[in-house]
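Below you'll find the structure, written out as structure tokens, and then a few comments.
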Amino acid sequence: MDLKEVFLEEAGPDERPGGLLREILSFAGYVIFVILFTYLVVHYVGQRTEVVGYSMYPTLNNGDNLLVDKLSYRFSDIERFDIVVFEYQHEENCFYIKRVIGLPGETVQIVGDEIFINGEVLEEDYGYEAIENAGLAAEPVVLGENEYFVLGDNRNDSTDSRDPRVDKVTKDIIAGKAFVRIYPFNKMGFLHHD
């Protein structure tokens with residue numbers, strides 16, 4: 001046995017030729033995996049968002065931090081009363097959060113303080129107070145394929161589908177469903193959708 005063979009037998013895995021390189025490559029692979037996994041989760045599965053304003057009061061408050069599920073709508077339909085986050089079309093990197101009231105193919109109209117879906121009063125209890133302004137929904141709003149009618153829970157302090165700047169919200173601009181509040185800690189929990 002020559003001296004080189006003796007050295008290799010006595011050396012640990014990190015002291016063998018190429019051992020340090022293997023450790024560096026293993027660590028680099030781990031870091032790349034973590035970065036890739038984080039990227040995929042943030043862009044395709046979920047995202048943290050902060051509520052700004054009081055349009056969803058009393059359900060959500062200014063400063064609430066939420067997790068938005070960006071994946072489930074790829075496999076399931078958007079449902080009435082879901083709280084959705086969507087792109088505001090008139091300002092870059094601006095997102096709104098509202099509650100889905102009208103679904104594709106339905107006709108929505110607000111008469112007085114009541115919401116009508118296909119001519120029948122919608123039984124719901126999310127509105128903070130009676131609606132004072134029907135806006136675009138003073139006349140029947142017919143929703144096309146992949147179009148939704150959304151309202152803020154704080155009906156008299158919300159820019160929503162009653163306003164021509166928002167109007168009907170199409171599925172392609174809906175980023176996802178807000179499903180859990182993570183801050184403030186004393187209000188942490190899943191959001192009520194039905």
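Chain labels run A, B, ... following the order of the structure tokens; each chain numbers its residues from 1, and ligands are numbered from 1 in the order shown.
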
Test item: residues at most 12 Å from segment 94-97 of chain A, only C-alpha atoms, excluding those fewer than 3 positions along its chain, as a PyMOL selection string: chain A and resi 49-57+59-62+64+66+68+82-91+100+150-154+158-161+165-166+169+173-179

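Around Asp167 of chain A, within 10 Å and counting only C-alpha atoms, the residues found are Gly135, Leu136, Ala137, Val141, Glu147, Tyr148, Phe149, Val150, Thr159, Asp160, Ser161, Arg162, Asp163, Pro164 and Thr170 of chain A, once anything fewer than 3 positions away on its own chain is removed.
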
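For the pair atom CA of Phe81 of chain A and atom CA of Arg99 of chain A, the separation is 5.4 Å.
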
Pick from A:Asn186, A:Ser72, A:Asn156, A:Gln109 nearest to Tyr128 of chain A, counting only C-alpha atoms: A:Asn156

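Across the model, the gap from atom CA of Leu103 of chain A to atom CA of Phe190 of chain A is 23.0 Å.
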
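Here atom CA of Ile101 of chain A and atom CA of Gln47 of chain A stand 23.4 Å from one another.
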
All alpha helix (DSSP H) residues (DSSP, backbone) inside chain A, as a ChimeraX atom specification: /A:3-10,19-40
